[in-house]
Structures are given as structure tokens and as C-alpha cells.
$ cat protein_3.cif   # mmCIF, C-alpha atoms
data_upload
loop_
_atom_site.group_PDB
_atom_site.id
_atom_site.type_symbol
_atom_site.label_atom_id
_atom_site.label_comp_id
_atom_site.auth_asym_id
_atom_site.auth_seq_id
_atom_site.Cartn_x
_atom_site.Cartn_y
_atom_site.Cartn_z
ATOM 1 C CA MET A 228 0.658 -15.513 16.178
ATOM 2 C CA SER A 229 0.262 -18.776 14.246
ATOM 3 C CA GLN A 230 -2.138 -18.627 11.291
ATOM 4 C CA PRO A 231 -2.954 -15.002 11.982
ATOM 5 C CA THR A 232 -5.612 -12.931 10.396
ATOM 6 C CA GLN A 233 -4.452 -10.071 12.612
ATOM 7 C CA VAL A 234 -0.834 -9.185 13.340
ATOM 8 C CA ASP A 235 1.101 -6.810 15.565
ATOM 9 C CA PRO A 236 2.130 -3.865 13.339
ATOM 10 C CA ARG A 237 5.297 -3.321 15.423
ATOM 11 C CA GLY A 238 6.359 -6.870 14.576
ATOM 12 C CA LEU A 239 6.016 -6.053 10.874
ATOM 13 C CA ARG A 240 8.358 -3.076 11.323
ATOM 14 C CA VAL A 241 10.954 -5.209 13.100
ATOM 15 C CA VAL A 242 10.718 -7.939 10.456
ATOM 16 C CA ALA A 243 11.188 -5.313 7.729
ATOM 17 C CA GLY A 244 14.161 -3.853 9.622
ATOM 18 C CA LEU A 245 15.895 -7.226 9.864
ATOM 19 C CA THR A 246 15.151 -7.883 6.192
ATOM 20 C CA ALA A 247 16.598 -4.485 5.231
ATOM 21 C CA THR A 248 19.743 -5.217 7.259
ATOM 22 C CA VAL A 249 20.328 -8.523 5.469
ATOM 23 C CA LEU A 250 19.747 -6.957 2.041
ATOM 24 C CA ALA A 251 22.025 -3.998 2.832
ATOM 25 C CA LEU A 252 24.773 -6.463 3.797
ATOM 26 C CA VAL A 253 24.299 -8.267 0.473
ATOM 27 C CA LEU A 254 25.036 -4.993 -1.308
ATOM 28 C CA ALA A 255 27.846 -3.940 1.021
ATOM 29 C CA ILE A 256 29.873 -7.166 1.198
ATOM 30 C CA PRO A 257 31.713 -7.796 -2.097
ATOM 31 C CA SER A 258 32.013 -11.561 -1.650
ATOM 32 C CA GLU A 259 29.984 -13.901 -3.787
ATOM 33 C CA PRO A 260 29.731 -16.812 -1.289
ATOM 34 C CA VAL A 261 28.596 -14.427 1.475
ATOM 35 C CA ARG A 262 26.041 -12.842 -0.839
ATOM 36 C CA ILE A 263 24.680 -16.247 -1.862
ATOM 37 C CA VAL A 264 24.281 -17.336 1.765
ATOM 38 C CA LEU A 265 22.601 -14.078 2.840
ATOM 39 C CA LEU A 266 20.215 -14.071 -0.122
ATOM 40 C CA GLY A 267 19.481 -17.760 0.446
ATOM 41 C CA VAL A 268 18.549 -17.055 4.064
ATOM 42 C CA GLN A 269 16.300 -14.140 3.094
ATOM 43 C CA VAL A 270 14.599 -16.130 0.312
ATOM 44 C CA ALA A 271 13.815 -18.845 2.871
ATOM 45 C CA VAL A 272 12.492 -16.283 5.368
ATOM 46 C CA PHE A 273 10.216 -14.689 2.753
ATOM 47 C CA ALA A 274 8.985 -18.114 1.603
ATOM 48 C CA ILE A 275 8.037 -19.164 5.143
ATOM 49 C CA ALA A 276 6.219 -15.868 5.767
ATOM 50 C CA ALA A 277 4.378 -15.987 2.437
ATOM 51 C CA PHE A 278 3.449 -19.681 2.351
ATOM 52 C CA VAL A 279 3.256 -20.757 6.012
ATOM 53 C CA SER A 280 2.388 -17.691 8.099
ATOM 54 C CA LEU A 281 3.814 -14.316 9.011
ATOM 55 C CA GLY A 282 4.316 -15.502 12.570
ATOM 56 C CA ALA A 283 6.382 -18.505 11.476
ATOM 57 C CA SER A 284 8.966 -16.306 9.765
ATOM 58 C CA PRO A 285 12.314 -16.472 11.627
ATOM 59 C CA TRP A 286 12.438 -12.665 11.788
ATOM 60 C CA ALA A 287 8.954 -12.629 13.342
ATOM 61 C CA LEU A 288 10.185 -15.171 15.911
ATOM 62 C CA VAL A 289 13.057 -12.817 16.761
ATOM 63 C CA PHE A 290 10.456 -10.112 17.407
ATOM 64 C CA ALA A 291 8.233 -12.437 19.433
ATOM 65 C CA LYS A 292 11.084 -13.766 21.594
ATOM 66 C CA LEU A 293 13.294 -10.709 22.053
ATOM 67 C CA VAL A 294 11.340 -7.526 21.397
ATOM 68 C CA ARG A 295 7.711 -8.106 22.258
ATOM 69 C CA PRO A 296 8.287 -9.254 25.868
ATOM 70 C CA ARG A 297 9.964 -5.889 26.520
ATOM 71 C CA ILE A 298 7.402 -3.609 24.913
ATOM 72 C CA GLY A 299 4.137 -5.205 26.051
ATOM 73 C CA PRO A 300 0.981 -6.001 24.114
ATOM 74 C CA PRO A 301 0.099 -3.952 21.025
ATOM 75 C CA SER A 302 -2.525 -1.213 21.221
ATOM 76 C CA GLU A 303 -3.961 -2.287 17.877
ATOM 77 C CA LEU A 304 -3.668 -5.108 15.377
ATOM 78 C CA GLU A 305 -3.462 -5.082 11.608
ATOM 79 C CA ASP A 306 -4.912 -7.231 8.847
ATOM 80 C CA ALA A 307 -2.339 -9.883 7.932
ATOM 81 C CA ARG A 308 -3.194 -10.047 4.220
ATOM 82 C CA PRO A 309 -1.352 -6.903 2.987
ATOM 83 C CA PRO A 310 1.969 -7.724 4.718
ATOM 84 C CA ARG A 311 1.732 -11.340 3.656
ATOM 85 C CA PHE A 312 1.305 -10.251 0.049
ATOM 86 C CA ALA A 313 4.318 -7.956 0.503
ATOM 87 C CA GLN A 314 6.416 -10.919 1.694
ATOM 88 C CA LEU A 315 5.484 -12.687 -1.541
ATOM 89 C CA VAL A 316 6.643 -9.675 -3.582
ATOM 90 C CA GLY A 317 9.879 -9.692 -1.574
ATOM 91 C CA LEU A 318 10.263 -13.393 -2.314
ATOM 92 C CA VAL A 319 9.997 -12.747 -6.058
ATOM 93 C CA PHE A 320 12.680 -10.013 -6.015
ATOM 94 C CA THR A 321 15.144 -11.922 -3.813
ATOM 95 C CA SER A 322 14.617 -15.134 -5.792
ATOM 96 C CA VAL A 323 15.469 -13.272 -9.000
ATOM 97 C CA ALA A 324 18.547 -11.895 -7.222
ATOM 98 C CA LEU A 325 19.667 -15.313 -5.972
ATOM 99 C CA VAL A 326 19.163 -17.073 -9.310
ATOM 100 C CA SER A 327 20.950 -14.255 -11.178
ATOM 101 C CA LEU A 328 23.878 -14.402 -8.774
ATOM 102 C CA LEU A 329 24.191 -18.185 -9.184
ATOM 103 C CA ALA A 330 24.041 -17.702 -12.968
ATOM 104 C CA GLY A 331 26.830 -15.131 -12.833
ATOM 105 C CA ALA A 332 24.684 -12.065 -13.592
ATOM 106 C CA THR A 333 25.937 -10.110 -10.577
ATOM 107 C CA THR A 334 24.646 -6.703 -11.667
ATOM 108 C CA VAL A 335 21.102 -7.981 -12.221
ATOM 109 C CA ALA A 336 21.268 -9.675 -8.815
ATOM 110 C CA LEU A 337 22.370 -6.499 -7.050
ATOM 111 C CA VAL A 338 19.747 -4.320 -8.770
ATOM 112 C CA ALA A 339 16.975 -6.753 -7.749
ATOM 113 C CA THR A 340 18.380 -6.718 -4.203
ATOM 114 C CA ALA A 341 18.378 -2.907 -4.204
ATOM 115 C CA PHE A 342 14.656 -2.837 -5.169
ATOM 116 C CA ALA A 343 13.832 -5.260 -2.357
ATOM 117 C CA LEU A 344 15.906 -3.126 0.030
ATOM 118 C CA VAL A 345 13.938 0.045 -0.833
ATOM 119 C CA ALA A 346 10.667 -1.782 -0.158
ATOM 120 C CA ALA A 347 11.918 -3.212 3.150
ATOM 121 C CA LEU A 348 13.311 0.136 4.315
ATOM 122 C CA LEU A 349 10.080 1.980 3.501
ATOM 123 C CA ASN A 350 8.183 -0.641 5.452
ATOM 124 C CA ALA A 351 10.549 -0.446 8.436
ATOM 125 C CA VAL A 352 10.889 3.327 8.600
ATOM 126 C CA VAL A 353 7.508 4.746 7.573
ATOM 127 C CA GLY A 354 5.280 1.655 7.600
ATOM 128 C CA LEU A 355 4.597 1.913 3.875
ATOM 129 C CA CYS A 356 3.822 -1.368 2.106
ATOM 130 C CA LEU A 357 5.214 -0.851 -1.403
ATOM 131 C CA GLY A 358 4.031 -4.236 -2.667
ATOM 132 C CA CYS A 359 0.506 -3.373 -1.523
ATOM 133 C CA GLU A 360 0.656 0.015 -3.264
ATOM 134 C CA MET A 361 1.441 -1.758 -6.521
ATOM 135 C CA TYR A 362 -1.261 -4.384 -6.108
ATOM 136 C CA LEU A 363 -4.176 -2.544 -7.726
ATOM 137 C CA ALA A 364 -2.005 -1.133 -10.505
ATOM 138 C CA LEU A 365 -1.012 -4.703 -11.407
ATOM 139 C CA ARG A 366 -4.538 -6.040 -10.944
ATOM 140 C CA ARG A 367 -5.838 -3.441 -13.413
ATOM 141 C CA LEU A 368 -3.700 -4.983 -16.129
ATOM 142 C CA THR A 369 -5.608 -8.271 -16.011
ATOM 143 C CA PRO A 370 -8.047 -8.784 -18.916
ATOM 144 C CA ALA A 371 -11.206 -6.672 -18.819
ATOM 145 C CA GLY A 372 -13.663 -8.592 -16.684
ATOM 146 C CA PRO A 373 -16.146 -7.601 -14.002
ATOM 147 C CA MET B 152 31.963 -1.488 -6.654
ATOM 148 C CA THR B 153 28.385 -1.853 -7.901
ATOM 149 C CA GLY B 154 27.101 -3.049 -4.522
ATOM 150 C CA PRO B 155 27.985 -0.010 -2.376
ATOM 151 C CA VAL B 156 26.813 2.373 -5.145
ATOM 152 C CA LEU B 157 23.451 0.581 -5.326
ATOM 153 C CA LEU B 158 23.225 0.682 -1.529
ATOM 154 C CA GLY B 159 23.561 4.472 -1.680
ATOM 155 C CA VAL B 160 21.044 4.735 -4.517
ATOM 156 C CA ALA B 161 18.583 2.575 -2.559
ATOM 157 C CA LEU B 162 18.877 4.792 0.536
ATOM 158 C CA VAL B 163 18.277 7.963 -1.491
ATOM 159 C CA ALA B 164 15.353 6.338 -3.331
ATOM 160 C CA THR B 165 13.801 5.310 -0.007
ATOM 161 C CA VAL B 166 13.880 8.861 1.323
ATOM 162 C CA ALA B 167 12.507 10.209 -1.976
ATOM 163 C CA VAL B 168 9.596 7.748 -2.057
ATOM 164 C CA ALA B 169 8.798 8.360 1.617
ATOM 165 C CA LEU B 170 8.648 12.134 1.085
ATOM 166 C CA LEU B 171 6.626 11.771 -2.113
ATOM 167 C CA MET B 172 4.081 9.558 -0.355
ATOM 168 C CA ARG B 173 3.779 11.949 2.555
ATOM 169 C CA TRP B 174 3.074 14.788 0.135
ATOM 170 C CA LYS B 175 0.685 12.759 -1.997
ATOM 171 C CA ASN B 176 -1.423 10.894 0.584
ATOM 172 C CA GLY B 177 -4.782 12.541 1.153
ATOM 173 C CA ARG B 178 -4.061 15.439 -1.214
ATOM 174 C CA PHE B 179 -7.333 16.246 -2.956
ATOM 175 C CA SER B 180 -6.840 17.424 -6.506
ATOM 176 C CA ALA B 181 -8.992 18.395 -9.457
ATOM 177 C CA ALA B 182 -11.431 15.734 -10.635
ATOM 178 C CA VAL B 183 -10.723 13.114 -13.271
ATOM 179 C CA ALA B 184 -8.092 14.650 -15.531
ATOM 180 C CA ASP B 185 -9.337 15.316 -19.062
ATOM 181 C CA GLU B 186 -9.960 11.721 -20.064
ATOM 182 C CA ASP B 187 -11.283 11.041 -23.538
ATOM 183 C CA ASP B 188 -14.862 10.605 -22.373
ATOM 184 C CA ASP B 189 -16.567 12.967 -19.932
ATOM 185 C CA THR B 190 -19.275 10.475 -19.065
ATOM 186 C CA VAL B 191 -17.241 8.884 -16.281
ATOM 187 C CA GLU B 192 -17.083 12.107 -14.321
ATOM 188 C CA ARG B 193 -20.604 11.543 -13.026
ATOM 189 C CA LEU B 194 -21.468 8.454 -11.028
ATOM 190 C CA THR B 195 -24.935 7.066 -10.471
ATOM 191 C CA ALA B 196 -26.353 5.239 -7.471
ATOM 192 C CA GLU B 197 -26.434 2.147 -9.667
ATOM 193 C CA GLN B 198 -22.706 2.362 -10.447
ATOM 194 C CA ILE B 199 -21.640 2.700 -6.844
ATOM 195 C CA GLY B 200 -24.226 0.221 -5.616
ATOM 196 C CA ALA B 201 -25.762 2.556 -3.029
ATOM 197 C CA PRO B 202 -27.946 5.678 -2.970
ATOM 198 C CA LEU B 203 -26.188 9.038 -3.311
ATOM 199 C CA GLY B 204 -26.093 11.332 -0.308
ATOM 200 C CA GLU B 205 -28.443 14.332 -0.317
ATOM 201 C CA ARG B 206 -25.558 16.788 -0.280
ATOM 202 C CA ALA B 207 -22.486 14.714 -1.046
ATOM 203 C CA THR B 208 -21.132 11.169 -1.244
ATOM 204 C CA LEU B 209 -17.670 10.018 -0.182
ATOM 205 C CA VAL B 210 -16.728 7.043 -2.341
ATOM 206 C CA GLN B 211 -13.790 4.929 -1.186
ATOM 207 C CA PHE B 212 -12.091 2.300 -3.339
ATOM 208 C CA SER B 213 -10.562 -0.443 -1.188
ATOM 209 C CA SER B 214 -8.808 -3.755 -1.739
ATOM 210 C CA ALA B 215 -7.759 -6.714 0.363
ATOM 211 C CA PHE B 216 -4.045 -5.881 0.220
ATOM 212 C CA CYS B 217 -4.345 -2.392 1.624
ATOM 213 C CA SER B 218 -3.316 -1.471 5.133
ATOM 214 C CA PRO B 219 -4.431 2.208 5.143
ATOM 215 C CA CYS B 220 -7.940 1.326 3.877
ATOM 216 C CA ARG B 221 -9.370 0.595 7.287
ATOM 217 C CA ALA B 222 -8.045 3.829 8.769
ATOM 218 C CA THR B 223 -9.426 5.735 5.771
ATOM 219 C CA ARG B 224 -12.850 4.156 6.296
ATOM 220 C CA VAL B 225 -12.796 5.359 9.902
ATOM 221 C CA VAL B 226 -11.896 8.935 8.875
ATOM 222 C CA LEU B 227 -14.656 9.065 6.223
ATOM 223 C CA ALA B 228 -17.283 7.569 8.548
ATOM 224 C CA ASP B 229 -16.314 10.099 11.197
ATOM 225 C CA VAL B 230 -16.675 13.015 8.755
ATOM 226 C CA ALA B 231 -19.992 11.712 7.387
ATOM 227 C CA ALA B 232 -21.382 11.261 10.892
ATOM 228 C CA SER B 233 -20.851 14.945 11.631
ATOM 229 C CA ALA B 234 -22.065 16.241 8.256
ATOM 230 C CA PRO B 235 -25.799 15.921 7.533
ATOM 231 C CA GLY B 236 -26.698 14.694 4.038
ATOM 232 C CA VAL B 237 -23.270 13.136 3.489
ATOM 233 C CA VAL B 238 -22.921 9.377 3.098
ATOM 234 C CA THR B 239 -19.931 7.082 2.580
ATOM 235 C CA VAL B 240 -19.753 4.208 0.112
ATOM 236 C CA ASP B 241 -17.010 1.588 0.156
ATOM 237 C CA ILE B 242 -16.284 -0.110 -3.179
ATOM 238 C CA ASP B 243 -14.169 -3.245 -3.517
ATOM 239 C CA ALA B 244 -11.805 -2.293 -6.344
ATOM 240 C CA GLU B 245 -11.164 -5.865 -7.422
ATOM 241 C CA SER B 246 -14.807 -6.669 -8.095
ATOM 242 C CA HIS B 247 -15.299 -3.344 -9.923
ATOM 243 C CA LEU B 248 -12.257 -3.335 -12.196
ATOM 244 C CA GLN B 249 -14.085 -1.688 -15.094
ATOM 245 C CA LEU B 250 -15.106 1.237 -12.903
ATOM 246 C CA VAL B 251 -11.547 1.355 -11.547
ATOM 247 C CA ARG B 252 -10.181 1.649 -15.092
ATOM 248 C CA ASP B 253 -12.805 4.192 -16.203
ATOM 249 C CA LEU B 254 -11.972 6.404 -13.249
ATOM 250 C CA SER B 255 -8.191 5.831 -13.535
ATOM 251 C CA VAL B 256 -7.971 4.618 -9.945
ATOM 252 C CA MET B 257 -4.359 3.505 -9.463
ATOM 253 C CA ARG B 258 -4.076 2.939 -5.718
ATOM 254 C CA THR B 259 -6.147 1.940 -2.769
ATOM 255 C CA PRO B 260 -7.463 3.722 -0.888
ATOM 256 C CA THR B 261 -8.723 6.279 -3.414
ATOM 257 C CA VAL B 262 -11.452 8.620 -2.236
ATOM 258 C CA LEU B 263 -13.814 10.442 -4.617
ATOM 259 C CA VAL B 264 -16.015 13.278 -3.422
ATOM 260 C CA LEU B 265 -19.324 13.355 -5.326
ATOM 261 C CA ASP B 266 -21.725 16.292 -5.174
ATOM 262 C CA ALA B 267 -25.489 15.882 -4.795
ATOM 263 C CA GLU B 268 -25.833 14.989 -8.501
ATOM 264 C CA GLY B 269 -23.053 12.398 -8.381
ATOM 265 C CA ALA B 270 -20.465 14.521 -10.232
ATOM 266 C CA VAL B 271 -16.873 13.785 -9.161
ATOM 267 C CA THR B 272 -15.671 17.097 -7.691
ATOM 268 C CA THR B 273 -12.299 16.001 -6.368
ATOM 269 C CA ARG B 274 -10.282 12.921 -5.450
ATOM 270 C CA ALA B 275 -7.313 11.805 -3.377
ATOM 271 C CA SER B 276 -5.364 8.597 -2.873
ATOM 272 C CA GLY B 277 -3.723 7.336 0.301
ATOM 273 C CA LEU B 278 -4.856 7.901 3.883
ATOM 274 C CA PRO B 279 -6.341 11.426 4.173
ATOM 275 C CA ARG B 280 -6.472 13.525 7.335
ATOM 276 C CA ARG B 281 -9.866 14.550 8.666
ATOM 277 C CA GLU B 282 -9.255 18.232 7.781
ATOM 278 C CA GLN B 283 -8.412 17.332 4.195
ATOM 279 C CA VAL B 284 -11.702 15.474 3.781
ATOM 280 C CA LEU B 285 -13.665 18.307 5.427
ATOM 281 C CA ALA B 286 -12.084 20.902 3.125
ATOM 282 C CA ALA B 287 -12.800 18.784 0.041
ATOM 283 C CA LEU B 288 -16.375 18.279 1.214
ATOM 284 C CA ASP B 289 -16.830 22.025 1.726
ATOM 285 C CA ARG B 290 -15.780 22.691 -1.835
ATOM 286 C CA ALA B 291 -18.011 19.929 -3.202
ATOM 287 C CA THR B 292 -21.110 21.233 -1.467
ATOM 288 C CA ALA B 293 -20.352 24.940 -1.988
ATOM 289 C CA GLU B 294 -20.081 24.779 -5.770
ATOM 290 C CA ARG B 295 -23.674 23.731 -6.243
ATOM 291 C CA GLN B 296 -25.324 26.240 -3.912
#

$ encode --input "protein_3.cif" --output "C-alpha cells"
Amino acid sequence: MSQPTQVDPRGLRVVAGLTATVLALVLAIPSEPVRIVLLGVQVAVFAIAAFVSLGASPWALVFAKLVRPRIGPPSELEDARPPRFAQLVGLVFTSVALVSLLAGATTVALVATAFALVAALLNAVVGLCLGCEMYLALRRLTPAGP
Amino acid sequence: MTGPVLLGVALVATVAVALLMRWKNGRFSAAVADEDDDTVERLTAEQIGAPLGERATLVQFSSAFCSPCRATRVVLADVAASAPGVVTVDIDAESHLQLVRDLSVMRTPTVLVLDAEGAVTTRASGLPRREQVLAALDRATAERQ
């Protein structure tokens, strides 16, 4: 799965599920050091997925090592570009959360985390890529060109 | 206290968005809502970069960051293959941003159903089911008979 143009859609669901779990814990555990560590881990995971490859993400490795051997090869593959873009969107939200938390703006941090959690849950549960849905709407805002 | 409350809000929001998307995807509605200029409601072969179908044209707007686009393309091609005089046209939204703005396309995939003259009869966003496309096509071709 290194440098993929095609990825296993079931892996994407598992990655989103693990991401959602981490983000839910950030909201649920009222301890600043724990929140900083969890957000730091998730920021790193998103950064690896967005800038290296989806397959290099630690959560994708969990899927590849623990889940995939038990469920066999996928019946179909998916284009890697939409989920990779979504990981970048996730990186932006969790980075804002982490920086806000370190700066003492706890409420801002938790709201940003909650947005990232909604996106991850939608991806895990119904396979919807919220970042991808927003892509064209954002792209439309760029200066009138072609 | 904020954390657990936001966790609850996030869970509710997730369910709400999931239900909204399920309702919205593939739902064909009335054509371009009364925009200020009516001229955009008719598309020409030149605008879509391909000849119009004899009876109808299914125009799909796609983008690179779009996982349901491929599945949508398959559904449209399948419908067109079984309906004589109907063709499909795939438009890359990012290289046609002006058209995207004129037609108020907000998401990919967005599917427009054009009649024989290129008038936009109906549209839907998200992955449509085959029956939804067939029903929309029936209406598009019936109106002009």
C-alpha cells in the first residue's frame, strides 16, 4: 500500500474509526496533558497520511497488520486522492485544536476537535468524505478564472 | 464540562448529516432555481464540449477529490447504454469553474439532465440510484413530445 493511487476502502473506514476514537477521548477526558498527547498523536498521524502516503499512516498500519489478514483481499479499490485530501483537512482542524490548547484557548480547541470528530465519524460509519464534499464549494471561491 | 457536551453535540450532528445526505443524494429537483439570468438554463454542445444527445444528455460534473464520482459515471453510462438517443458527458468541474458558478454547482458529483435542445430539465447532486436517473430522464424526454 506504499505510494498508492488505489486504496482499500475498508482500510479507510478503519482509519476513520480509530481517528474518531482518539478525538472522542480528547473530548471525554478532562485532563489537559492527556488531551495534548492525544491531539499530538492524531496531528502526527494526519500529517503522515497527507504528506507521505495513506498506507504509511500508523492507523493504516493497524488495519494492514491486524484487520486485513482476517478479512481477505478487497473486492474493489478506491482512488486515493479524495481520502488523502480529507486527511489534510483533518490535519488543519486538529492542528488548530492543538495550538489553541497549548495557547490556553480550551473551548476553541474542543470545538475544532468536535468538527474533526464529526468528519471522522461520518467517514467511518457511512463512508462519507466531508472534506471532499466541501472541496468544490471552496474551489469555487477562488478568483474567476477558466 | 465543555468536552462531554461537545461530544454529545458531535454525535447528534453526525447522525443529522448522515440522514440529510441520504435524503439529498440523487434526489432530482426542479432545474436551476430562479437565478438572475435565464440564459444559463440552456447548455450548448460548445459549453459542454461534446455533442448533445438526440433525445437527452446526462451531464456529470466531477472533480479529483470525489469518491462517488466514479460510481455515478457507471450508473449514468449504464442508463445511457439502455436508452437510445441519450448520451453522457463528464465535465471536470475544476477546469470549468465559470460554468460551475453559472449553474450554481456546489458539490461533485452533480448531474444535470438536458433535453434534446440542451435545456436543463432537472438536476441532482450525490450518487444517484439507477431508478432515480431513469425517472428524471423520462420526465426530460416526455415534456418535449

$ closest_residue --input "protein_3.cif" --among "A:Ser284, A:Thr321, A:Gln269, A:Ser258" --to "chain B" --atoms "all atoms listed in the file"
A:Ser258

$ residues_around --input "protein_3.cif" --residues "B:Ala164" --least-positions-apart "4" --cutoff "8 Å" --atoms "all atoms listed in the file" --output "ChimeraX atom specification"
/A:345 /B:160,168

$ resolve_selection --input "protein_3.cif" --expression "the PyMOL selection byres ((chain B) within 6 of (chain A))" --output "ChimeraX atom specification"
/B:154-155,158,161,165,216-217,247,257-258

$ resolve_selection --input "protein_3.cif" --expression "the PyMOL selection byres ((chain B and resi 278) around 6)" --output "number ranges by chain"
B: 176-177, 219, 223, 277, 279

$ atom_distance --input "protein_3.cif" --atom1 "atom CA of A:Leu288" --atom2 "atom CA of A:Val319"
22.1 Å

$ closest_residue --input "protein_3.cif" --among "A:Ala247, A:Ala291, A:Val335, A:Val323" --to "B:Thr153" --atoms "all atoms listed in the file"
A:Val335

$ atom_distance --input "protein_3.cif" --atom1 "atom CA of A:Gln314" --atom2 "atom CA of A:Lys292"
20.6 Å

$ residues_around --input "protein_3.cif" --residues "A:Ala283" --least-positions-apart "4" --cutoff "12 Å" --atoms "all atoms listed in the file" --output "PyMOL selection string"
chain A and resi 228-231+234+242+271-279+287-291+311

$ atom_distance --input "protein_3.cif" --atom1 "atom CA of B:Leu203" --atom2 "atom CA of B:Val238"
7.2 Å

$ resolve_selection --input "protein_3.cif" --expression "the PyMOL selection byres ((chain B and resi 211) around 10)" --output "VMD selection string"
chain B and resid 199 208 to 210 212 to 213 220 223 to 224 227 239 to 244 259 to 264 274 to 276
